[in-house]
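See below for final05.pdb, which holds PDB, C-alpha atoms and all ligand atoms.
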MODEL        1
ATOM      1  CA  MET Z   1      48.295  -2.627  90.792
ATOM      2  CA  ASN Z   2      50.036  -0.290  88.454
ATOM      3  CA  GLU Z   3      47.613   1.966  86.516
ATOM      4  CA  GLU Z   4      49.218   1.291  83.173
ATOM      5  CA  LEU Z   5      48.902  -2.481  83.603
ATOM      6  CA  LYS Z   6      45.295  -2.083  84.728
ATOM      7  CA  LYS Z   7      44.553  -0.234  81.488
ATOM      8  CA  SER Z   8      46.268  -2.912  79.371
ATOM      9  CA  ILE Z   9      44.253  -5.642  81.074
ATOM     10  CA  MET Z  10      40.975  -3.797  80.467
ATOM     11  CA  LYS Z  11      41.908  -3.236  76.840
ATOM     12  CA  THR Z  12      43.326  -6.616  75.819
ATOM     13  CA  ASP Z  13      41.521  -9.507  74.228
ATOM     14  CA  PHE Z  14      44.590 -11.793  74.534
ATOM     15  CA  GLU Z  15      44.585 -12.008  70.763
ATOM     16  CA  ASP Z  16      47.078 -14.908  70.646
ATOM     17  CA  ILE Z  17      44.301 -17.117  72.017
ATOM     18  CA  ILE Z  18      41.343 -17.881  69.784
ATOM     19  CA  GLY Z  19      38.037 -18.236  71.634
ATOM     20  CA  GLN Z  20      38.122 -19.079  75.397
ATOM     21  CA  GLU Z  21      36.172 -15.921  76.265
ATOM     22  CA  ASN Z  22      35.227 -17.173  79.718
ATOM     23  CA  VAL Z  23      38.830 -18.080  80.556
ATOM     24  CA  LYS Z  24      39.984 -14.651  79.406
ATOM     25  CA  ASP Z  25      37.459 -12.904  81.676
ATOM     26  CA  GLN Z  26      38.378 -15.082  84.662
ATOM     27  CA  LEU Z  27      42.045 -14.394  84.087
ATOM     28  CA  LYS Z  28      41.502 -10.662  83.714
ATOM     29  CA  SER Z  29      39.495 -10.279  86.911
ATOM     30  CA  ALA Z  30      42.108 -12.302  88.812
ATOM     31  CA  LEU Z  31      44.969 -10.238  87.375
ATOM     32  CA  LEU Z  32      43.246  -6.966  88.256
ATOM     33  CA  MET Z  33      43.180  -8.007  91.895
ATOM     34  CA  ASP Z  34      46.741  -9.429  92.017
ATOM     35  CA  ARG Z  35      45.493 -12.944  92.704
ATOM     36  CA  HIS Z  36      47.711 -15.995  92.303
ATOM     37  CA  ILE Z  37      46.357 -18.114  89.488
ATOM     38  CA  ILE Z  38      46.588 -21.757  88.472
ATOM     39  CA  LEU Z  39      45.416 -22.590  84.964
ATOM     40  CA  VAL Z  40      43.936 -26.064  85.032
ATOM     41  CA  GLY Z  41      43.740 -28.054  81.833
ATOM     42  CA  GLN Z  42      45.261 -30.770  79.721
ATOM     43  CA  PRO Z  43      48.561 -30.226  77.897
ATOM     44  CA  GLY Z  44      48.265 -28.563  74.500
ATOM     45  CA  ILE Z  45      45.322 -26.436  75.436
ATOM     46  CA  GLY Z  46      47.083 -23.067  75.240
ATOM     47  CA  LYS Z  47      47.987 -22.410  78.863
ATOM     48  CA  THR Z  48      51.535 -21.316  78.034
ATOM     49  CA  THR Z  49      50.388 -19.120  75.163
ATOM     50  CA  LEU Z  50      47.885 -17.480  77.488
ATOM     51  CA  ALA Z  51      50.510 -16.710  80.130
ATOM     52  CA  LYS Z  52      52.928 -15.410  77.474
ATOM     53  CA  ASN Z  53      50.158 -13.182  76.228
ATOM     54  CA  VAL Z  54      49.859 -11.684  79.717
ATOM     55  CA  ALA Z  55      53.596 -10.894  79.615
ATOM     56  CA  LYS Z  56      53.095  -9.280  76.217
ATOM     57  CA  ILE Z  57      50.544  -6.770  77.496
ATOM     58  CA  MET Z  58      52.639  -5.766  80.492
ATOM     59  CA  PRO Z  59      54.161  -2.303  80.257
ATOM     60  CA  GLU Z  60      57.957  -2.120  79.964
ATOM     61  CA  LYS Z  61      59.789  -1.672  83.225
ATOM     62  CA  ILE Z  62      63.033  -0.069  84.253
ATOM     63  CA  VAL Z  63      64.633  -1.981  87.106
ATOM     64  CA  CYS Z  64      68.028  -2.185  88.761
ATOM     65  CA  GLY Z  65      70.726  -4.105  86.921
ATOM     66  CA  CYS Z  66      71.075  -6.571  89.801
ATOM     67  CA  SER Z  67      70.054 -10.245  89.879
ATOM     68  CA  PHE Z  68      66.942  -9.338  91.887
ATOM     69  CA  ASN Z  69      65.320  -6.862  89.453
ATOM     70  CA  CYS Z  70      64.631  -4.463  92.267
ATOM     71  CA  TYR Z  71      62.785  -1.158  91.908
ATOM     72  CA  ALA Z  72      64.852   1.484  90.156
ATOM     73  CA  ASP Z  73      63.657   4.092  92.684
ATOM     74  CA  ASN Z  74      64.134   1.820  95.672
ATOM     75  CA  PRO Z  75      67.103  -0.519  95.328
ATOM     76  CA  SER Z  76      66.594  -2.853  98.252
ATOM     77  CA  CYS Z  77      68.206  -6.163  97.417
ATOM     78  CA  PRO Z  78      71.383  -7.306  99.170
ATOM     79  CA  GLU Z  79      73.452  -6.687  95.996
ATOM     80  CA  CYS Z  80      72.216  -3.120  95.572
ATOM     81  CA  LEU Z  81      72.490  -2.332  99.270
ATOM     82  CA  ASP Z  82      76.063  -3.519  99.157
ATOM     83  CA  LYS Z  83      76.758  -1.297  96.161
ATOM     84  CA  LYS Z  84      75.192   1.642  97.987
ATOM     85  CA  LYS Z  85      77.374   0.998 100.985
ATOM     86  CA  ARG Z  86      80.457   1.000  98.803
ATOM     87  CA  LYS Z  87      79.137   4.126  97.031
ATOM     88  CA  GLU Z  88      79.134   2.359  93.651
ATOM     89  CA  LYS Z  89      76.725   3.414  90.943
ATOM     90  CA  ILE Z  90      73.593   1.287  90.618
ATOM     91  CA  THR Z  91      72.924   0.462  86.970
ATOM     92  CA  HIS Z  92      69.509   0.003  85.403
ATOM     93  CA  LYS Z  93      68.001  -2.256  82.754
ATOM     94  CA  LYS Z  94      64.801  -2.312  80.770
ATOM     95  CA  LEU Z  95      62.452  -5.304  80.974
ATOM     96  CA  GLY Z  96      59.809  -5.869  78.338
ATOM     97  CA  GLY Z  97      57.803  -8.682  76.770
ATOM     98  CA  LYS Z  98      60.042 -11.743  76.775
ATOM     99  CA  GLU Z  99      62.174 -10.709  79.755
ATOM    100  CA  LEU Z 100      59.041 -10.323  81.837
ATOM    101  CA  PHE Z 101      58.129 -13.972  81.322
ATOM    102  CA  VAL Z 102      60.067 -16.464  83.422
ATOM    103  CA  ARG Z 103      59.199 -20.100  83.085
ATOM    104  CA  VAL Z 104      59.861 -22.732  85.716
ATOM    105  CA  GLN Z 105      59.163 -26.375  84.969
ATOM    106  CA  GLY Z 106      57.694 -28.150  87.971
ATOM    107  CA  SER Z 107      59.189 -31.561  88.710
ATOM    108  CA  PRO Z 108      59.850 -33.701  91.767
ATOM    109  CA  ASP Z 109      63.571 -32.953  91.311
ATOM    110  CA  LEU Z 110      63.167 -29.194  91.485
ATOM    111  CA  THR Z 111      64.562 -27.983  94.790
ATOM    112  CA  ALA Z 112      63.839 -24.886  96.836
ATOM    113  CA  GLU Z 113      67.461 -23.909  96.152
ATOM    114  CA  ASP Z 114      66.896 -23.971  92.359
ATOM    115  CA  LEU Z 115      63.869 -21.785  92.747
ATOM    116  CA  ILE Z 116      64.818 -19.421  95.498
ATOM    117  CA  GLY Z 117      68.580 -19.506  95.725
ATOM    118  CA  ASP Z 118      71.519 -21.186  97.245
ATOM    119  CA  ILE Z 119      74.582 -20.569  99.329
ATOM    120  CA  ASP Z 120      77.783 -21.182  97.418
ATOM    121  CA  PRO Z 121      79.878 -23.220  99.881
ATOM    122  CA  VAL Z 122      83.226 -21.955  98.591
ATOM    123  CA  LYS Z 123      82.130 -18.335  98.807
ATOM    124  CA  ALA Z 124      80.517 -18.971 102.180
ATOM    125  CA  MET Z 125      83.894 -20.081 103.491
ATOM    126  CA  LYS Z 126      85.508 -16.968 102.117
ATOM    127  CA  TYR Z 127      82.905 -14.328 103.005
ATOM    128  CA  GLY Z 128      80.998 -16.009 105.819
ATOM    129  CA  PRO Z 129      77.865 -18.186 105.597
ATOM    130  CA  LEU Z 130      75.420 -15.301 106.031
ATOM    131  CA  SER Z 131      77.087 -12.888 103.629
ATOM    132  CA  ILE Z 132      75.331 -11.739 100.504
ATOM    133  CA  GLU Z 133      78.377 -12.583  98.439
ATOM    134  CA  ALA Z 134      77.715 -16.227  99.204
ATOM    135  CA  PHE Z 135      74.074 -16.153  98.087
ATOM    136  CA  THR Z 136      73.233 -17.101  94.495
ATOM    137  CA  PRO Z 137      69.692 -15.951  93.766
ATOM    138  CA  GLY Z 138      67.384 -18.526  92.155
ATOM    139  CA  LYS Z 139      65.015 -18.260  89.263
ATOM    140  CA  ILE Z 140      62.232 -16.646  91.231
ATOM    141  CA  PHE Z 141      64.112 -13.350  91.337
ATOM    142  CA  LYS Z 142      64.385 -13.195  87.566
ATOM    143  CA  ALA Z 143      60.589 -13.042  87.580
ATOM    144  CA  ASN Z 144      60.528 -10.106  89.967
ATOM    145  CA  GLN Z 145      58.324  -7.358  88.478
ATOM    146  CA  GLY Z 146      57.273  -9.757  85.745
ATOM    147  CA  ILE Z 147      55.510 -13.093  85.505
ATOM    148  CA  LEU Z 148      56.504 -16.322  87.172
ATOM    149  CA  PHE Z 149      55.035 -19.023  84.987
ATOM    150  CA  PHE Z 150      55.149 -22.220  86.964
ATOM    151  CA  ASP Z 151      54.390 -25.121  84.656
ATOM    152  CA  GLU Z 152      52.942 -28.248  86.266
ATOM    153  CA  VAL Z 153      53.167 -26.883  89.756
ATOM    154  CA  ASN Z 154      51.506 -30.071  91.058
ATOM    155  CA  ARG Z 155      54.638 -32.043  90.184
ATOM    156  CA  CYS Z 156      56.688 -30.319  92.854
ATOM    157  CA  SER Z 157      57.628 -31.813  96.172
ATOM    158  CA  GLU Z 158      55.708 -30.690  99.210
ATOM    159  CA  LYS Z 159      58.873 -29.066 100.521
ATOM    160  CA  LEU Z 160      59.076 -26.868  97.445
ATOM    161  CA  GLN Z 161      55.366 -26.056  97.606
ATOM    162  CA  ASN Z 162      55.901 -24.802 101.141
ATOM    163  CA  ALA Z 163      58.912 -22.713 100.140
ATOM    164  CA  LEU Z 164      56.884 -21.214  97.293
ATOM    165  CA  LEU Z 165      53.985 -20.437  99.606
ATOM    166  CA  GLN Z 166      56.252 -18.617 101.991
ATOM    167  CA  VAL Z 167      57.569 -16.447  99.185
ATOM    168  CA  LEU Z 168      54.110 -15.741  97.784
ATOM    169  CA  GLU Z 169      52.512 -14.985 101.121
ATOM    170  CA  GLU Z 170      55.223 -13.448 103.252
ATOM    171  CA  LYS Z 171      57.595 -12.223 100.546
ATOM    172  CA  LYS Z 172      60.308 -13.601 102.743
ATOM    173  CA  VAL Z 173      63.114 -15.794 101.550
ATOM    174  CA  THR Z 174      64.714 -18.398 103.750
ATOM    175  CA  ILE Z 175      67.516 -20.691 102.665
ATOM    176  CA  GLY Z 176      68.924 -22.741 105.492
ATOM    177  CA  SER Z 177      70.197 -20.254 108.025
ATOM    178  CA  TYR Z 178      70.016 -17.485 105.452
ATOM    179  CA  SER Z 179      66.901 -15.385 105.613
ATOM    180  CA  PHE Z 180      66.062 -11.945 104.362
ATOM    181  CA  GLU Z 181      62.970  -9.974 103.659
ATOM    182  CA  PHE Z 182      62.610  -8.787 100.151
ATOM    183  CA  ASP Z 183      59.680  -7.158  98.457
ATOM    184  CA  LEU Z 184      59.085  -9.630  95.633
ATOM    185  CA  ASP Z 185      56.471  -8.434  93.218
ATOM    186  CA  PHE Z 186      55.389 -10.709  90.410
ATOM    187  CA  ILE Z 187      52.328 -12.223  88.848
ATOM    188  CA  PHE Z 188      52.167 -15.912  89.604
ATOM    189  CA  ILE Z 189      50.591 -18.111  86.948
ATOM    190  CA  GLY Z 190      50.830 -21.839  87.581
ATOM    191  CA  THR Z 191      49.505 -24.699  85.511
ATOM    192  CA  MET Z 192      48.165 -28.066  86.464
ATOM    193  CA  ASN Z 193      47.016 -31.048  84.432
ATOM    194  CA  PRO Z 194      43.969 -32.526  86.185
ATOM    195  CA  ASP Z 195      44.655 -35.964  84.683
ATOM    196  CA  ASP Z 196      48.245 -36.116  85.868
ATOM    197  CA  LYS Z 197      48.159 -39.122  88.125
ATOM    198  CA  SER Z 198      51.926 -39.384  88.493
ATOM    199  CA  THR Z 199      51.940 -36.904  91.344
ATOM    200  CA  GLU Z 200      50.495 -36.298  94.762
ATOM    201  CA  PRO Z 201      47.550 -33.943  94.679
ATOM    202  CA  LEU Z 202      48.281 -30.405  95.834
ATOM    203  CA  SER Z 203      47.550 -29.885  99.505
ATOM    204  CA  ASP Z 204      44.456 -27.951 100.580
ATOM    205  CA  VAL Z 205      46.671 -25.446 102.335
ATOM    206  CA  PHE Z 206      48.452 -24.793  99.041
ATOM    207  CA  LEU Z 207      45.324 -24.650  96.900
ATOM    208  CA  ASP Z 208      43.679 -22.285  99.367
ATOM    209  CA  ARG Z 209      46.139 -19.577  98.266
ATOM    210  CA  PHE Z 210      45.176 -19.707  94.578
ATOM    211  CA  ASP Z 211      42.288 -19.188  92.217
ATOM    212  CA  LEU Z 212      41.831 -21.931  89.651
ATOM    213  CA  VAL Z 213      40.923 -21.084  86.081
ATOM    214  CA  TYR Z 214      39.769 -24.043  84.022
ATOM    215  CA  VAL Z 215      40.889 -24.075  80.394
ATOM    216  CA  GLU Z 216      38.869 -26.403  78.210
ATOM    217  CA  HIS Z 217      39.328 -27.663  74.669
ATOM    218  CA  PRO Z 218      38.212 -25.211  71.944
ATOM    219  CA  GLU Z 219      34.491 -24.503  72.397
ATOM    220  CA  SER Z 220      33.446 -25.112  68.820
ATOM    221  CA  LEU Z 221      34.547 -26.886  65.662
ATOM    222  CA  ASP Z 222      34.923 -23.585  63.822
ATOM    223  CA  LEU Z 223      37.217 -22.181  66.511
ATOM    224  CA  GLU Z 224      39.341 -25.325  66.525
ATOM    225  CA  VAL Z 225      39.726 -25.228  62.734
ATOM    226  CA  GLU Z 226      40.751 -21.567  63.025
ATOM    227  CA  ILE Z 227      43.399 -22.501  65.621
ATOM    228  CA  VAL Z 228      44.659 -25.375  63.475
ATOM    229  CA  LYS Z 229      45.044 -23.139  60.429
ATOM    230  CA  LYS Z 230      46.799 -20.450  62.446
ATOM    231  CA  ALA Z 231      49.212 -22.776  64.246
ATOM    232  CA  GLY Z 232      49.796 -25.444  61.589
ATOM    233  CA  LYS Z 233      52.296 -25.376  58.721
ATOM    234  CA  LYS Z 234      51.003 -25.178  55.187
ATOM    235  CA  LEU Z 235      52.368 -27.254  52.303
ATOM    236  CA  VAL Z 236      49.495 -28.275  50.008
ATOM    237  CA  GLU Z 237      45.800 -27.490  49.871
ATOM    238  CA  PHE Z 238      43.610 -29.047  52.555
ATOM    239  CA  PRO Z 239      39.997 -28.957  51.329
ATOM    240  CA  GLU Z 240      37.811 -27.140  53.870
ATOM    241  CA  LYS Z 241      35.178 -29.839  54.149
ATOM    242  CA  LEU Z 242      37.759 -32.573  54.713
ATOM    243  CA  LEU Z 243      39.478 -30.405  57.320
ATOM    244  CA  LEU Z 244      36.196 -29.877  59.175
ATOM    245  CA  THR Z 245      35.569 -33.611  59.087
ATOM    246  CA  THR Z 246      39.082 -34.434  60.298
ATOM    247  CA  VAL Z 247      39.063 -31.968  63.182
ATOM    248  CA  ASN Z 248      35.597 -33.084  64.139
ATOM    249  CA  PHE Z 249      36.840 -36.652  64.373
ATOM    250  CA  VAL Z 250      39.383 -35.559  66.977
ATOM    251  CA  ARG Z 251      36.584 -33.733  68.789
ATOM    252  CA  SER Z 252      34.416 -36.854  68.704
ATOM    253  CA  LEU Z 253      37.194 -38.815  70.448
ATOM    254  CA  ARG Z 254      37.029 -36.310  73.322
ATOM    255  CA  GLU Z 255      33.372 -37.191  73.766
ATOM    256  CA  ASP Z 256      33.972 -40.929  73.366
ATOM    257  CA  ALA Z 257      33.133 -42.855  76.540
ATOM    258  CA  ASP Z 258      35.864 -45.426  75.766
ATOM    259  CA  VAL Z 259      38.609 -42.791  75.642
ATOM    260  CA  ASP Z 260      40.291 -41.911  78.923
ATOM    261  CA  LYS Z 261      43.069 -39.494  77.942
ATOM    262  CA  LYS Z 262      41.589 -37.084  75.396
ATOM    263  CA  PRO Z 263      43.467 -35.763  72.349
ATOM    264  CA  SER Z 264      44.360 -32.064  72.511
ATOM    265  CA  VAL Z 265      44.413 -29.422  69.780
ATOM    266  CA  ARG Z 266      47.943 -30.616  69.057
ATOM    267  CA  ALA Z 267      46.374 -33.801  67.677
ATOM    268  CA  SER Z 268      44.258 -31.744  65.271
ATOM    269  CA  ILE Z 269      47.290 -29.696  64.235
ATOM    270  CA  GLY Z 270      49.261 -32.929  63.826
ATOM    271  CA  LEU Z 271      46.688 -34.395  61.456
ATOM    272  CA  TYR Z 272      46.511 -31.140  59.514
ATOM    273  CA  GLU Z 273      50.263 -31.083  58.947
ATOM    274  CA  ARG Z 274      50.914 -34.802  58.476
ATOM    275  CA  ALA Z 275      48.088 -35.329  55.982
ATOM    276  CA  GLN Z 276      49.574 -32.520  53.895
ATOM    277  CA  GLY Z 277      53.014 -34.116  54.132
ATOM    278  CA  ASN Z 278      51.571 -37.424  53.027
ATOM    279  CA  ALA Z 279      49.808 -35.851  50.030
ATOM    280  CA  TYR Z 280      52.971 -34.048  48.977
ATOM    281  CA  LEU Z 281      54.986 -37.236  49.283
ATOM    282  CA  ASN Z 282      52.554 -38.928  46.930
ATOM    283  CA  GLY Z 283      52.722 -36.136  44.405
ATOM    284  CA  ARG Z 284      49.323 -34.657  45.160
ATOM    285  CA  GLU Z 285      48.540 -30.960  45.435
ATOM    286  CA  LYS Z 286      45.475 -31.557  47.541
ATOM    287  CA  VAL Z 287      44.905 -33.608  50.693
ATOM    288  CA  THR Z 288      42.481 -36.531  50.345
ATOM    289  CA  ALA Z 289      40.695 -38.644  52.945
ATOM    290  CA  GLN Z 290      43.233 -41.377  52.252
ATOM    291  CA  ASP Z 291      46.067 -39.107  53.405
ATOM    292  CA  VAL Z 292      44.315 -38.558  56.707
ATOM    293  CA  GLN Z 293      43.731 -42.275  57.073
ATOM    294  CA  GLU Z 294      47.380 -43.102  56.392
ATOM    295  CA  VAL Z 295      48.756 -40.838  59.117
ATOM    296  CA  ILE Z 296      46.010 -41.084  61.708
ATOM    297  CA  VAL Z 297      47.542 -43.826  63.860
ATOM    298  CA  SER Z 298      50.942 -42.159  63.917
ATOM    299  CA  VAL Z 299      49.398 -38.870  65.052
ATOM    300  CA  LEU Z 300      46.756 -40.126  67.455
ATOM    301  CA  SER Z 301      47.646 -43.435  69.055
ATOM    302  CA  HIS Z 302      50.013 -42.078  71.731
ATOM    303  CA  ARG Z 303      47.809 -39.037  72.326
ATOM    304  CA  ILE Z 304      44.897 -41.003  73.692
ATOM    305  CA  THR Z 305      44.518 -43.813  76.175
ATOM    306  CA  LEU Z 306      41.604 -46.185  76.280
ATOM    307  CA  LYS Z 307      39.513 -47.052  79.309
ATOM    308  CA  ALA Z 308      40.674 -50.276  80.955
ATOM    309  CA  SER Z 309      37.438 -52.028  79.982
ATOM    310  CA  ILE Z 310      38.185 -51.635  76.257
ATOM    311  CA  LYS Z 311      41.994 -51.850  76.431
ATOM    312  CA  PHE Z 312      41.777 -55.605  76.962
ATOM    313  CA  LEU Z 313      39.666 -56.057  73.863
ATOM    314  CA  LYS Z 314      41.659 -54.102  71.315
ATOM    315  CA  SER Z 315      44.832 -52.094  70.841
ATOM    316  CA  THR Z 316      44.740 -48.305  70.601
ATOM    317  CA  ASP Z 317      45.895 -48.502  66.971
ATOM    318  CA  ASP Z 318      43.022 -50.796  66.031
ATOM    319  CA  PHE Z 319      40.594 -48.663  67.990
ATOM    320  CA  ILE Z 320      41.587 -45.535  66.048
ATOM    321  CA  ARG Z 321      41.465 -47.284  62.675
ATOM    322  CA  GLU Z 322      38.028 -48.746  63.362
ATOM    323  CA  GLU Z 323      36.587 -45.553  64.828
ATOM    324  CA  TYR Z 324      37.836 -43.515  61.894
ATOM    325  CA  LYS Z 325      36.487 -45.993  59.366
ATOM    326  CA  GLU Z 326      33.101 -45.996  61.022
ATOM    327  CA  TYR Z 327      33.144 -42.209  61.375
ATOM    328  CA  SER Z 328      34.041 -41.667  57.707
ATOM    329  CA  ALA Z 329      31.237 -43.928  56.576
ATOM    330  CA  ARG Z 330      28.623 -41.984  58.517
ATOM    331  CA  PRO Z 331      26.512 -39.675  56.335
ATOM    332  CA  GLY Z 332      26.043 -35.973  56.972
ATOM    333  CA  ASP Z 333      27.992 -32.741  57.166
ATOM    334  CA  TYR Z 334      31.295 -32.943  59.045
ATOM    335  CA  ARG Z 335      30.019 -36.316  60.147
TER     336      ARG Z 335
HETATM  337 ZN    ZN Q 401      68.880  -4.865  93.490
ENDMDL
END

Any chance you could put this one into structure tokens?
Amino acid sequence: MNEELKKSIMKTDFEDIIGQENVKDQLKSALLMDRHIILVGQPGIGKTTLAKNVAKIMPEKIVCGCSFNCYADNPSCPECLDKKKRKEKITHKKLGGKELFVRVQGSPDLTAEDLIGDIDPVKAMKYGPLSIEAFTPGKIFKANQGILFFDEVNRCSEKLQNALLQVLEEKKVTIGSYSFEFDLDFIFIGTMNPDDKSTEPLSDVFLDRFDLVYVEHPESLDLEVEIVKKAGKKLVEFPEKLLLTTVNFVRSLREDADVDKKPSVRASIGLYERAQGNAYLNGREKVTAQDVQEVIVSVLSHRITLKASIKFLKSTDDFIREEYKEYSARPGDYR
């Protein structure tokens, strides 16, 4: 681990993320030891923001101008070696912040070729199948010396998982008959949604290579309101007490035994913005409880799913309307 990065990790509080102190500490200790990490949590919980924040604290880097981002003082990729051989000058480029963050979206359609690289058949005919001219490096090389953010890694095929493991463990790249050793150096941050039932679970062999960091919904009502105000757009006044009540309603749905898929912070932000829009549309300068009520189904109904036992009795829309009505009628602070 580079000393400068070590210092940044010790110093940072990942200020783009409000709260989540435990997650931040877990992430920091994993980063300090160059561990591969998978952030586990529902969508909309801030996993991407967290990973981007890691990229933000990374020191700027000077690397070779090739497609492999190799070390400026040790150009070792096939492109650079070829340049060396032909006595051409090796150019350099500066990587910082955004360039250090490379996002890959996991999906069953993603192939090892997309990620690692491919042989261009036309060029292979011209230069030979094992020539570097025929190899088109994949996305993984763009992340070299930066961060590979692998969203929904559990959606990938087993074949791709294996290819990824080989790269992470052996730093060796194999595409068909093409194989070369290359010192890939990046921070791997994957994400996984524990409720994603559309995919096969990750194999034990795969999981054994990673540390899992669990990201939960905001720890407290106050923190969630702070996040909502920071992330949401502002149009008209949203009275504080009504906002606390509204956000707390979303939080109560997460605790509700009848709710299977829980609403994320995006639901709270959605209510915050849409209730303001509704007030503005009706010529009001201040959000009222009626505004919240009028947009609540549109914001929430697709963001939750009900347990099978209740789904047969009522629709999600009716469930939300009834729950909100009952919740609003309850006495007490932030109800
Ligand atoms: Zn290079």

Selected residue of minimal separation from ligand ZN 401 (chain Q) among Z:Ser8, Z:Asp25, Z:Leu32, Z:Val63, counting all atoms listed in the file
Z:Val63

Report as a PyMOL selection string the residues that result from applying the PyMOL selection byres (((not hetatm)) within 7 of (chain Q and resi 401)) to the structure here.
chain Z and resi 64-70+75-80

Between CA of Glu326 (chain Z) and CA of Leu313 (chain Z), what is the distance in Å, rounded to a tenth?
17.6 Å

Distance in Å - CA of His92 (chain Z) versus CA of Ile62 (chain Z):
6.6 Å

All residues 9 Å or closer to Asn144 (chain Z), all atoms listed in the file, same chain fewer than 3 positions away omitted, as a ChimeraX atom specification
/Z:68-70,100,140-141,147-148,184-187

Rounded to one decimal in Å, what is the spacing between CA of Val102 (chain Z) and CA of His36 (chain Z)?
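Atom-to-atom, CA of Val102 (chain Z) to CA of His36 (chain Z), that is 15.2 Å.
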
Surrounding residues of Asp256 (chain Z) excluding itself and chain neighbours under 3 positions, 12 Å, only C-alpha atoms, as a compact mmCIF listing (two decimals) with C-alpha atoms, in the coordinates of the input:
# COMPACT_ATOMS: atom_id res chain seq x y z
CA PHE Z 249 36.84 -36.65 64.37
CA VAL Z 250 39.38 -35.56 66.98
CA ARG Z 251 36.58 -33.73 68.79
CA SER Z 252 34.42 -36.85 68.70
CA LEU Z 253 37.19 -38.82 70.45
CA VAL Z 259 38.61 -42.79 75.64
CA ASP Z 260 40.29 -41.91 78.92
CA LYS Z 261 43.07 -39.49 77.94
CA LYS Z 262 41.59 -37.08 75.40
CA PRO Z 263 43.47 -35.76 72.35
CA ILE Z 304 44.90 -41.00 73.69
CA THR Z 305 44.52 -43.81 76.18
CA LEU Z 306 41.60 -46.18 76.28
CA LYS Z 307 39.51 -47.05 79.31
CA ILE Z 310 38.18 -51.64 76.26
CA PHE Z 319 40.59 -48.66 67.99
CA ILE Z 320 41.59 -45.54 66.05
CA GLU Z 323 36.59 -45.55 64.83

Taking the file as shown, what set of residues would the PyMOL selection byres (((chain Z and resi 204-212) around 12) and not hetatm) give back, as an MDAnalysis selection string?
chainID Z and resid 23 26:27 29:31 33:41 153:154 156:169 187:194 200:203 213:215

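Minimum atom-to-atom distances from Z:Met10, Z:Leu95, Z:Val287, Z:Ile17 to Tyr71 (chain Z) were compared using all atoms listed in the file, and the lowest value belongs to Z:Leu95.
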
Polymer residues at most 7 Å from region 292-301 of chain Z, only C-alpha atoms, same-chain spacing of 6 or more positions, as a PyMOL selection string
chain Z and resi 267+270-271+274-275+316-317+320

Provide an axis-aligned box for all listed atoms of region 11-25 of chain Z, padding each side by 5 Å; report its centre and its edge lengths in Å to one decimal, as JSON.
{"center_x": 41.2, "center_y": -11.2, "center_z": 75.7, "size_x": 21.9, "size_y": 25.8, "size_z": 21.9}

Using only C-alpha atoms for the distances, tell me which of Z:Lys93, Z:Lys47, Z:Lys84, Z:Lys325 is nearest to Ala72 (chain Z).
Z:Lys93

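Proximity to Pro137 (chain Z) was assessed for Z:Lys286, Z:Gly277, Z:Ala51, Z:Leu115 counting all atoms listed in the file; the smallest distance is recorded for Z:Leu115.
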